[in-house]
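Source file: target.txt (compact mmCIF, C-alpha atoms)
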```txt
# COMPACT_ATOMS: atom_id res chain seq x y z
CA MET H 1 21.78 -23.40 20.56
CA ILE H 2 24.38 -22.90 23.29
CA SER H 3 26.74 -25.28 21.48
CA LYS H 4 26.66 -23.02 18.40
CA VAL H 5 27.45 -20.01 20.59
CA TYR H 6 30.35 -21.91 22.22
CA ASP H 7 31.57 -22.83 18.74
CA LEU H 8 31.57 -19.14 17.77
CA LEU H 9 33.32 -18.14 21.01
CA ASP H 10 36.03 -20.79 20.45
CA ARG H 11 36.67 -19.66 16.90
CA SER H 12 36.69 -15.99 17.81
CA ARG H 13 39.06 -16.61 20.72
CA SER H 14 41.49 -18.65 18.62
CA ALA H 15 41.43 -15.91 15.96
CA GLU H 16 41.97 -13.29 18.70
CA ASN H 17 38.74 -11.69 17.62
CA LEU H 18 37.08 -11.84 21.06
CA GLU H 19 36.83 -9.33 23.90
CA THR H 20 35.59 -9.93 27.45
CA ASP H 21 34.61 -7.58 30.23
CA PRO H 22 36.68 -7.88 33.41
CA GLY H 23 35.51 -10.72 35.64
CA VAL H 24 33.81 -12.83 32.97
CA THR H 25 35.05 -15.59 30.69
CA THR H 26 33.60 -17.68 27.90
CA ASP H 27 32.80 -20.35 30.51
CA ASP H 28 30.27 -18.02 32.17
CA VAL H 29 28.02 -17.87 29.09
CA THR H 30 24.86 -19.95 29.50
CA GLU H 31 21.57 -20.51 27.67
CA ASP H 32 19.98 -17.74 29.78
CA TRP H 33 22.20 -15.03 28.33
CA GLU H 34 21.05 -12.71 25.55
CA LEU H 35 22.59 -12.14 22.15
CA LYS H 36 22.77 -8.71 20.56
CA SER H 37 23.76 -8.13 16.95
CA LYS H 38 25.48 -4.76 16.96
CA GLU H 39 26.82 -2.37 14.39
CA GLN H 40 29.50 -0.39 16.20
CA GLY H 41 31.39 -0.38 19.48
CA SER H 42 34.03 -3.07 19.12
CA GLU H 43 36.98 -3.93 16.90
CA CYS H 44 36.41 -7.62 17.64
CA GLY H 45 33.68 -9.88 16.30
CA VAL H 46 32.39 -10.93 19.72
CA TRP H 47 32.30 -9.21 23.11
CA ILE H 48 31.26 -10.99 26.32
CA ARG H 49 29.63 -8.52 28.71
CA GLN H 50 29.24 -8.63 32.50
CA SER H 51 25.54 -7.89 31.92
CA GLU H 52 25.06 -11.48 30.65
CA VAL H 53 24.98 -10.39 27.04
CA VAL H 54 27.08 -11.68 24.16
CA GLU H 55 27.47 -8.88 21.65
CA LEU H 56 27.95 -9.94 18.05
CA TYR H 57 29.64 -7.55 15.59
CA PRO H 58 29.17 -9.12 12.13
CA ASP H 59 31.14 -6.28 10.47
CA GLU H 60 34.23 -7.50 12.36
CA MET H 61 33.74 -11.23 11.81
CA ILE H 62 35.81 -13.33 9.48
CA HIS H 63 34.26 -15.80 7.05
CA GLU H 64 33.81 -18.86 9.28
CA GLU H 65 32.55 -16.74 12.18
CA LEU H 66 29.93 -15.20 9.90
CA ARG H 67 28.72 -18.64 8.86
CA ILE H 68 28.20 -19.56 12.54
CA TYR H 69 26.60 -16.14 13.17
CA GLU H 70 23.99 -16.85 10.49
CA ASP H 71 23.37 -20.27 12.00
CA ILE H 72 22.86 -18.68 15.42
CA VAL H 73 20.42 -16.09 13.99
CA GLN H 74 18.33 -18.82 12.34
CA THR H 75 18.33 -21.02 15.45
CA SER H 76 17.36 -18.14 17.73
CA LYS H 77 14.38 -17.34 15.52
CA GLU H 78 13.26 -20.98 15.57
CA GLN H 79 13.69 -21.28 19.35
CA GLU H 80 12.23 -17.95 20.37
CA GLY H 81 9.64 -17.70 17.56
CA GLN H 82 11.07 -14.40 16.37
CA ILE H 83 14.03 -12.05 16.37
CA GLU H 84 13.45 -8.36 16.92
CA ARG H 85 15.21 -5.07 16.31
CA GLU H 86 16.04 -3.55 19.70
CA ASP H 87 13.73 -0.53 19.45
CA ALA H 88 10.93 -2.64 17.92
CA GLU H 89 11.15 -4.96 20.92
CA ARG H 90 10.64 -1.92 23.18
CA GLN H 91 7.65 -0.77 21.08
CA VAL H 92 6.07 -4.23 21.19
CA GLU H 93 6.31 -4.21 25.00
CA GLN H 94 4.57 -0.80 25.05
CA ILE H 95 1.77 -2.00 22.76
CA LYS H 96 1.14 -4.94 25.11
CA LYS H 97 0.12 -2.40 27.80
CA LEU H 98 -3.04 -1.54 25.81
CA ASP H 99 -6.31 -3.15 26.85
CA LEU H 100 -6.53 -5.19 23.65
CA ASP H 101 -9.59 -7.18 24.77
CA GLU H 102 -11.56 -3.96 25.28
CA ILE H 103 -10.45 -2.66 21.86
CA ASP H 104 -11.46 -5.98 20.25
CA GLU H 105 -14.90 -5.69 21.83
CA LEU H 106 -15.37 -2.12 20.62
CA VAL H 107 -14.27 -2.91 17.07
CA GLU H 108 -16.47 -6.01 17.00
CA TYR H 109 -19.49 -3.71 17.44
CA TYR H 110 -18.72 -2.22 14.01
CA SER H 111 -17.94 -5.53 12.28
CA SER H 112 -21.18 -5.71 10.29
CA LEU H 113 -21.53 -1.95 9.89
CA ILE H 114 -18.47 -0.61 8.11
CA PRO H 115 -16.32 -1.90 5.21
CA GLU H 116 -13.68 -4.52 6.04
CA ASN H 117 -10.79 -2.25 5.02
CA ASP H 118 -12.09 0.46 7.37
CA LEU H 119 -12.69 -2.02 10.17
CA GLU H 120 -9.00 -2.93 10.15
CA LEU H 121 -8.07 0.76 9.84
CA LEU H 122 -10.38 1.58 12.75
CA LYS H 123 -8.80 -1.07 14.95
CA ASN H 124 -5.26 0.13 14.22
CA SER H 125 -6.32 3.77 14.67
CA ILE H 126 -7.93 3.08 18.06
CA LYS H 127 -4.76 1.32 19.20
CA LEU H 128 -2.56 4.16 17.98
CA GLN H 129 -4.69 6.92 19.52
CA ARG H 130 -5.10 5.06 22.82
CA ALA H 131 -1.33 4.60 22.97
CA ALA H 132 -0.75 8.27 22.13
CA LYS H 133 -3.03 9.43 24.98
CA ASP H 134 -1.76 6.98 27.59
CA PRO H 135 1.04 8.58 29.64
CA GLU H 136 2.30 5.10 30.52
CA ILE H 137 2.91 4.21 26.87
CA VAL H 138 5.83 5.49 24.84
CA ILE H 139 5.50 5.54 21.05
CA GLU H 140 8.67 5.24 18.99
CA LYS H 141 8.69 7.85 16.19
CA SER H 142 6.04 10.55 15.81
CA ILE H 143 2.30 9.90 15.66
CA GLU H 144 2.29 11.67 12.27
CA TYR H 145 4.74 9.03 10.98
CA HIS H 146 2.41 6.24 12.07
CA ILE H 147 -0.73 7.95 10.70
CA GLY H 148 1.15 8.42 7.41
CA ASN H 149 1.83 4.67 7.38
CA LEU H 150 -1.88 3.99 7.94
CA ALA H 151 -2.73 6.33 5.04
CA ASP H 152 -0.27 4.47 2.78
CA ARG H 153 -1.90 1.19 3.67
CA TYR H 154 -5.59 2.05 3.89
CA GLY H 155 -6.04 5.28 1.94
CA SER H 156 -5.96 9.00 2.63
CA HIS H 157 -9.09 8.89 4.82
CA ALA H 158 -6.91 7.26 7.49
CA THR H 159 -5.98 10.73 8.72
CA TYR H 160 -9.63 11.75 9.14
CA ILE H 161 -10.50 8.45 10.84
CA ASN H 162 -7.62 9.01 13.27
CA HIS H 163 -8.88 12.48 14.10
CA LEU H 164 -12.40 11.12 14.66
CA VAL H 165 -11.09 8.31 16.86
CA SER H 166 -9.05 10.83 18.85
CA SER H 167 -12.21 12.92 19.38
CA GLY H 168 -14.18 9.90 20.63
CA TYR H 169 -16.74 9.57 17.81
CA PHE H 170 -16.20 5.79 17.72
CA ASP H 171 -16.12 5.26 21.50
CA ASN H 172 -18.86 3.34 23.28
CA GLY H 173 -21.66 5.94 23.38
CA GLY H 174 -19.96 8.15 20.79
CA PHE H 175 -21.64 9.38 17.62
CA PHE H 176 -20.91 6.36 15.39
CA TYR H 177 -21.79 3.98 18.23
CA GLN H 178 -25.18 5.64 18.73
CA LEU H 179 -25.83 5.96 15.01
CA ARG H 180 -26.97 2.34 14.75
CA ASP H 181 -29.71 2.86 17.36
CA ASP H 182 -30.66 6.21 15.83
CA LEU H 183 -31.08 4.68 12.37
CA GLU H 184 -32.99 1.71 13.73
CA ARG H 185 -35.44 4.03 15.47
CA ILE H 186 -36.09 5.83 12.18
CA GLU H 187 -35.90 3.05 9.59
CA GLY H 188 -35.83 -0.29 11.42
CA PRO H 189 -32.80 -2.58 11.72
CA THR H 190 -30.57 -2.19 8.71
CA ASP H 191 -26.80 -2.49 8.39
CA ILE H 192 -26.91 -1.29 4.80
CA GLN H 193 -28.40 2.07 5.79
CA TYR H 194 -25.66 2.42 8.40
CA ARG H 195 -22.93 1.68 5.87
CA ASP H 196 -24.30 4.22 3.41
CA GLU H 197 -24.47 6.88 6.10
CA TYR H 198 -20.98 5.99 7.37
CA GLU H 199 -19.44 6.19 3.89
CA LEU H 200 -21.13 9.52 3.24
CA LEU H 201 -19.88 11.00 6.51
CA ILE H 202 -16.31 9.75 6.00
CA GLN H 203 -15.92 10.41 2.27
CA LYS H 204 -17.33 13.93 2.52
CA GLU H 205 -15.82 14.56 5.97
CA LEU H 206 -19.17 15.92 7.12
CA ILE H 207 -18.84 15.42 10.86
CA ALA H 208 -16.05 17.76 11.81
CA GLU H 209 -13.70 20.38 10.45
CA TYR H 210 -10.25 19.85 11.94
CA VAL H 211 -8.11 22.95 12.25
CA SER H 212 -4.39 22.62 11.50
CA ASP H 213 -1.42 24.75 12.54
CA ASP H 214 -1.16 26.66 9.29
CA ASP H 215 -4.90 27.47 9.00
CA THR H 216 -5.85 31.16 9.27
CA VAL H 217 -9.28 32.16 10.62
CA ASN H 218 -10.35 32.82 7.03
CA ASP H 219 -9.25 29.30 6.05
CA ILE H 220 -11.35 27.83 8.87
CA VAL H 221 -14.37 29.96 7.94
CA LEU H 222 -14.08 28.78 4.33
CA GLY H 223 -13.80 25.16 5.46
CA VAL H 224 -16.85 25.37 7.73
CA ARG H 225 -18.89 27.25 5.12
CA SER H 226 -18.11 24.47 2.63
CA LYS H 227 -19.17 21.85 5.19
CA ILE H 228 -22.46 23.69 5.81
CA GLN H 229 -23.15 23.68 2.06
CA GLN H 230 -22.33 19.98 1.88
CA TYR H 231 -24.58 19.37 4.89
CA PHE H 232 -27.59 20.78 3.06
CA ARG H 233 -26.64 18.98 -0.13
CA TYR H 234 -26.26 15.48 1.38
CA GLU H 235 -28.57 15.82 4.41
CA PRO H 236 -26.71 13.47 6.80
CA GLN H 237 -28.24 12.18 10.05
CA THR H 238 -25.83 14.14 12.21
CA GLY H 239 -27.69 17.41 12.82
CA PHE H 240 -24.40 19.10 13.69
CA ILE H 241 -20.95 20.03 12.44
CA ASP H 242 -18.04 20.22 14.87
CA ILE H 243 -15.07 22.54 14.55
CA ARG H 244 -12.13 20.97 16.34
CA GLY H 245 -8.48 21.58 17.11
CA LEU H 246 -6.16 19.00 18.64
CA GLY H 247 -4.69 21.37 21.26
CA PRO H 248 -5.65 24.41 23.39
CA GLU H 249 -3.84 26.77 20.99
CA PHE H 250 -6.78 26.36 18.60
CA GLN H 251 -9.36 27.85 21.00
CA GLU H 252 -8.79 31.43 19.86
CA PRO H 253 -9.02 30.88 16.08
CA ILE H 254 -12.10 28.66 16.55
CA ASP H 255 -13.80 31.34 18.70
CA GLU H 256 -13.00 33.97 16.05
CA THR H 257 -14.40 31.66 13.39
CA ILE H 258 -17.71 31.35 15.27
CA GLU H 259 -17.89 35.16 15.58
CA LYS H 260 -17.36 35.58 11.83
CA LEU H 261 -19.96 32.92 11.00
CA ILE H 262 -22.51 34.60 13.31
CA GLU H 263 -21.82 37.92 11.53
CA GLU H 264 -22.42 36.16 8.23
CA TYR H 265 -25.50 34.09 9.05
CA GLY H 266 -27.13 36.29 11.70
CA GLU H 267 -27.49 33.41 14.14
CA LEU H 268 -25.64 30.16 14.72
CA PRO H 269 -26.61 27.94 17.66
CA ASN H 270 -23.48 26.36 19.09
CA LYS H 271 -22.07 24.68 22.16
CA ASN H 272 -18.67 23.88 23.55
CA VAL H 273 -17.64 20.24 23.02
CA SER H 274 -14.03 20.56 24.22
CA SER H 275 -12.58 17.54 25.92
CA GLY H 276 -9.16 17.13 27.50
CA GLN H 277 -6.49 18.80 25.38
CA GLU H 278 -8.83 18.99 22.41
CA VAL H 279 -10.96 22.10 21.84
CA GLY H 280 -14.21 21.99 19.91
CA VAL H 281 -17.39 23.88 19.17
CA ARG H 282 -20.53 22.20 17.79
CA ILE H 283 -22.75 24.17 15.43
CA TYR H 284 -26.27 23.24 14.33
CA PRO H 285 -26.78 23.99 10.62
CA ASN H 286 -30.53 23.24 10.59
CA ALA H 287 -31.09 26.63 12.23
CA LEU H 288 -29.58 28.19 9.08
CA GLU H 289 -31.95 26.61 6.62
CA PHE H 290 -33.62 29.89 5.75
CA ALA H 291 -30.30 31.77 5.69
CA MET H 292 -28.87 29.51 2.95
CA MET W 1 18.78 -17.73 23.36
CA LYS W 2 16.97 -14.50 22.58
CA LEU W 3 18.61 -12.38 19.91
CA THR W 4 17.96 -8.71 19.13
CA PHE W 5 19.62 -6.66 16.41
CA GLU W 6 20.50 -3.07 15.67
CA LYS W 7 19.27 -1.49 12.45
CA GLY W 8 22.85 -1.31 11.13
CA THR W 9 23.14 -5.11 11.08
CA ALA W 10 19.85 -5.73 9.21
CA GLU W 11 21.83 -6.74 6.11
CA TYR W 12 23.46 -9.66 7.95
CA ILE W 13 20.14 -10.64 9.53
CA VAL W 14 18.28 -10.89 6.21
CA GLU W 15 21.20 -12.76 4.60
CA SER W 16 20.84 -15.35 7.37
CA PHE W 17 17.42 -16.12 5.85
CA GLY W 18 18.51 -16.19 2.22
CA LYS W 19 17.42 -12.63 1.41
CA GLU W 20 19.49 -9.63 0.34
CA ILE W 21 19.32 -5.86 0.45
CA ASP W 22 19.49 -4.18 -2.96
CA ASP W 23 21.29 -0.92 -3.75
CA LYS W 24 18.13 1.07 -2.91
CA GLY W 25 17.81 -0.50 0.53
CA TYR W 26 14.92 -2.87 -0.21
CA VAL W 27 14.92 -6.42 1.13
CA ILE W 28 14.70 -8.70 -1.90
CA ASN W 29 14.55 -12.34 -2.81
CA PRO W 30 17.89 -12.77 -4.69
CA GLU W 31 16.53 -15.57 -6.90
CA THR W 32 13.70 -13.51 -8.35
CA GLY W 33 14.73 -9.94 -7.55
CA GLU W 34 11.25 -9.39 -6.05
CA ARG W 35 10.93 -7.08 -3.09
CA VAL W 36 9.87 -8.66 0.19
CA GLN W 37 6.65 -7.10 1.46
CA HIS W 38 4.68 -7.14 4.65
CA ARG W 39 0.95 -6.68 4.02
CA GLY W 40 1.57 -4.68 0.88
CA ARG W 41 4.35 -2.55 2.31
CA ASP W 42 7.95 -2.92 1.09
CA VAL W 43 10.39 -4.07 3.76
CA THR W 44 13.67 -2.14 3.80
CA LYS W 45 16.87 -2.21 5.83
CA GLU W 46 15.53 0.92 7.55
CA ASN W 47 12.11 -0.42 8.57
CA LEU W 48 12.81 -4.14 9.14
CA ALA W 49 11.67 -4.69 12.72
CA ILE W 50 10.91 -8.36 13.34
CA ILE W 51 11.36 -11.70 11.63
CA GLU W 52 8.72 -14.16 12.80
CA ASP W 53 9.19 -17.88 12.75
CA GLY W 54 7.10 -20.14 10.53
CA SER W 55 6.93 -18.71 7.07
CA ASP W 56 9.66 -16.12 7.73
CA ILE W 57 7.37 -13.10 8.02
CA PHE W 58 9.46 -9.94 7.69
CA VAL W 59 7.60 -7.31 9.73
CA ASP W 60 8.15 -3.58 9.19
CA ASP W 61 8.34 -1.08 12.06
CA SER W 62 5.03 0.76 11.58
CA PHE W 63 2.75 0.89 14.61
CA ASP W 64 0.02 -1.09 12.85
CA SER W 65 2.40 -3.86 11.79
CA LEU W 66 3.85 -4.17 15.30
CA SER W 67 0.32 -4.14 16.77
CA GLU W 68 -0.69 -6.98 14.48
CA HIS W 69 2.46 -8.85 15.47
CA VAL W 70 1.28 -8.58 19.09
CA GLU W 71 -2.18 -9.85 18.00
CA ARG W 72 -0.62 -12.89 16.29
CA ALA W 73 1.39 -13.65 19.44
CA ARG W 74 -1.87 -13.52 21.51
CA GLU W 75 -3.57 -16.13 19.33
```

Take the structure from the file and write it as structure tokens.
Amino acid sequence: MISKVYDLLDRSRSAENLETDPGVTTDDVTEDWELKSKEQGSECGVWIRQSEVVELYPDEMIHEELRIYEDIVQTSKEQEGQIEREDAERQVEQIKKLDLDEIDELVEYYSSLIPENDLELLKNSIKLQRAAKDPEIVIEKSIEYHIGNLADRYGSHATYINHLVSSGYFDNGGFFYQLRDDLERIEGPTDIQYRDEYELLIQKELIAEYVSDDDTVNDIVLGVRSKIQQYFRYEPQTGFIDIRGLGPEFQEPIDETIEKLIEEYGELPNKNVSSGQEVGVRIYPNALEFAM
Amino acid sequence: MKLTFEKGTAEYIVESFGKEIDDKGYVINPETGERVQHRGRDVTKENLAIIEDGSDIFVDDSFDSLSEHVERARE
């Protein structure tokens, strides 16, 4: 590898297409140095930096230099196992901070319970949401961008799954985790029953109504009313519907929603299920059976 | 020697592996004109993040793709 780099340096120097920082020469470059393929910043094809980096500017290279550049790119990939874009390399280092063994163990719990496509989606969603909540981890680009990518790959329910993961429904001890034991107590051990219940809850979004920035109180009331109707139509095992907002700014509209629903139904048992930055109120539709 | 690249040089990087970027920014196989994909997602000069050794896997820059890249490296 180093011989190819020396070859490039020799050619660039003889073509006067080489720059060096003060205090360094081509003789200082060793196998331990890094190579960076850069777009702008030099009028020469190669720049030797004091920071033990050889910068490569393919836009400025002449034909023979470019041929060696391509050779160097190929060889680096073979030697290192990969070549990375600079910001992707940073993101990969951040992802490595996650407790991947713990995530594997959690996802394994669901391996026989939910469809394969959703299992993969769940794993990627847990990683994304854990990274988003960890102050030690920096995510390149917005979380909405990454959720959008998950939706492109796995389907539009990726957004709902991400919200549910963020709220802890899939955590050890969370609703979906407990659901297996709950179903087994009622109907004996059966993965098929679990899958049916899971698909119902996800497809119909029966567990929680998530409030977004542009929702008015009337919008939220309409959404919850629709969920209550669906609850009585499909009779899921949940026994509750949560109203949630991913930020403290949603507390007021959710409180107003509860007030309006109480006016409408006469009574509505509820309890606060807020956690961290997320606000939430749990309502119990079974108490409304005679009001419907 | 480890090599990293800036997004603006993605065209030269893919050409090093016999691929090209078409006029819409997609990475293509020049012999067939087919777009290069990573797990069903088109790879472009904007989202090309990693090229893995072996079968020349072109990885896009979505969080899930980079996470799976980390998983492969763990195995």

Quick one: everything within 9 Å of His69 (chain W), counting only C-alpha atoms, minus sequence neighbours fewer than 3 positions away in the same chain. Send it as a ChimeraX atom specification.
/H:92 /W:50,52,59,64-66,72-74

Report as CSV the residues of chain W within 10 Å of chain H, each with its shortest atom pair and distance in Å (one decimal), using only C-alpha atoms, ordered by chain and increasing residue number.
```
residue,atom,partner,partner_atom,distance
W:Met1,CA,H:Ser76,CA,5.8
W:Lys2,CA,H:Glu34,CA,5.4
W:Leu3,CA,H:Leu35,CA,4.6
W:Thr4,CA,H:Lys36,CA,5.0
W:Phe5,CA,H:Ser37,CA,4.4
W:Glu6,CA,H:Lys38,CA,5.4
W:Lys7,CA,H:Arg85,CA,6.6
W:Gly8,CA,H:Glu39,CA,5.2
W:Thr9,CA,H:Glu39,CA,5.7
W:Ala10,CA,H:Arg85,CA,8.5
W:Glu11,CA,H:Pro58,CA,9.8
W:Tyr12,CA,H:Pro58,CA,7.1
W:Ile13,CA,H:Val73,CA,7.0
W:Val14,CA,H:Glu70,CA,9.3
W:Glu15,CA,H:Glu70,CA,7.7
W:Ser16,CA,H:Glu70,CA,4.7
W:Phe17,CA,H:Gln74,CA,7.1
W:Gly18,CA,H:Glu70,CA,9.9
W:Arg39,CA,H:Arg153,CA,8.4
W:Gly40,CA,H:Arg153,CA,7.4
W:Arg41,CA,H:Arg153,CA,7.4
W:Asn47,CA,H:Arg85,CA,9.5
W:Leu48,CA,H:Arg85,CA,7.6
W:Ala49,CA,H:Arg85,CA,5.1
W:Ile50,CA,H:Glu84,CA,4.4
W:Ile51,CA,H:Ile83,CA,5.5
W:Glu52,CA,H:Gln82,CA,4.3
W:Asp53,CA,H:Gly81,CA,4.8
W:Gly54,CA,H:Gly81,CA,7.9
W:Asp56,CA,H:Gln82,CA,8.9
W:Ile57,CA,H:Gln82,CA,9.2
W:Phe58,CA,H:Gln82,CA,9.9
W:Val59,CA,H:Glu84,CA,9.3
W:Asp60,CA,H:Ala88,CA,9.2
W:Asp61,CA,H:Ala88,CA,6.6
W:Ser62,CA,H:His146,CA,6.1
W:Phe63,CA,H:His146,CA,5.9
W:Asp64,CA,H:Asn124,CA,5.6
W:Ser65,CA,H:Asn124,CA,9.0
W:Leu66,CA,H:Val92,CA,6.3
W:Ser67,CA,H:Ile95,CA,6.5
W:Glu68,CA,H:Asn124,CA,8.5
W:His69,CA,H:Val92,CA,8.2
W:Val70,CA,H:Val92,CA,6.8
W:Glu71,CA,H:Leu100,CA,8.5
W:Ala73,CA,H:Gly81,CA,9.4
W:Arg74,CA,H:Lys96,CA,9.8
```

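One finds CA of Val46 (chain H) at 11.4 Å from CA of Tyr6 (chain H).
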
May I ask which of the residues H:Leu122, H:Leu179, H:Val211, H:Leu261 is the closest one to Val279 (chain H), counting only C-alpha atoms?
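Answer, going by the shortest atom-to-atom distance: H:Val211.
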
Distance in Å - CA of Glu52 (chain H) versus CA of Glu16 (chain H):
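Atom-to-atom, CA of Glu52 (chain H) to CA of Glu16 (chain H), that is 20.8 Å.
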
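Atom pair CA of Asp215 (chain H) / CA of Glu278 (chain H) has a distance of 16.3 Å (rounded to one decimal).
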
Close residues, region 26-32 of chain W itself excluded, 6 Å, only C-alpha atoms, min 6 positions apart in chain, as a list in words:
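Contacts, in chain order: Lys19, Glu20, Val43 and Thr44 of chain W.
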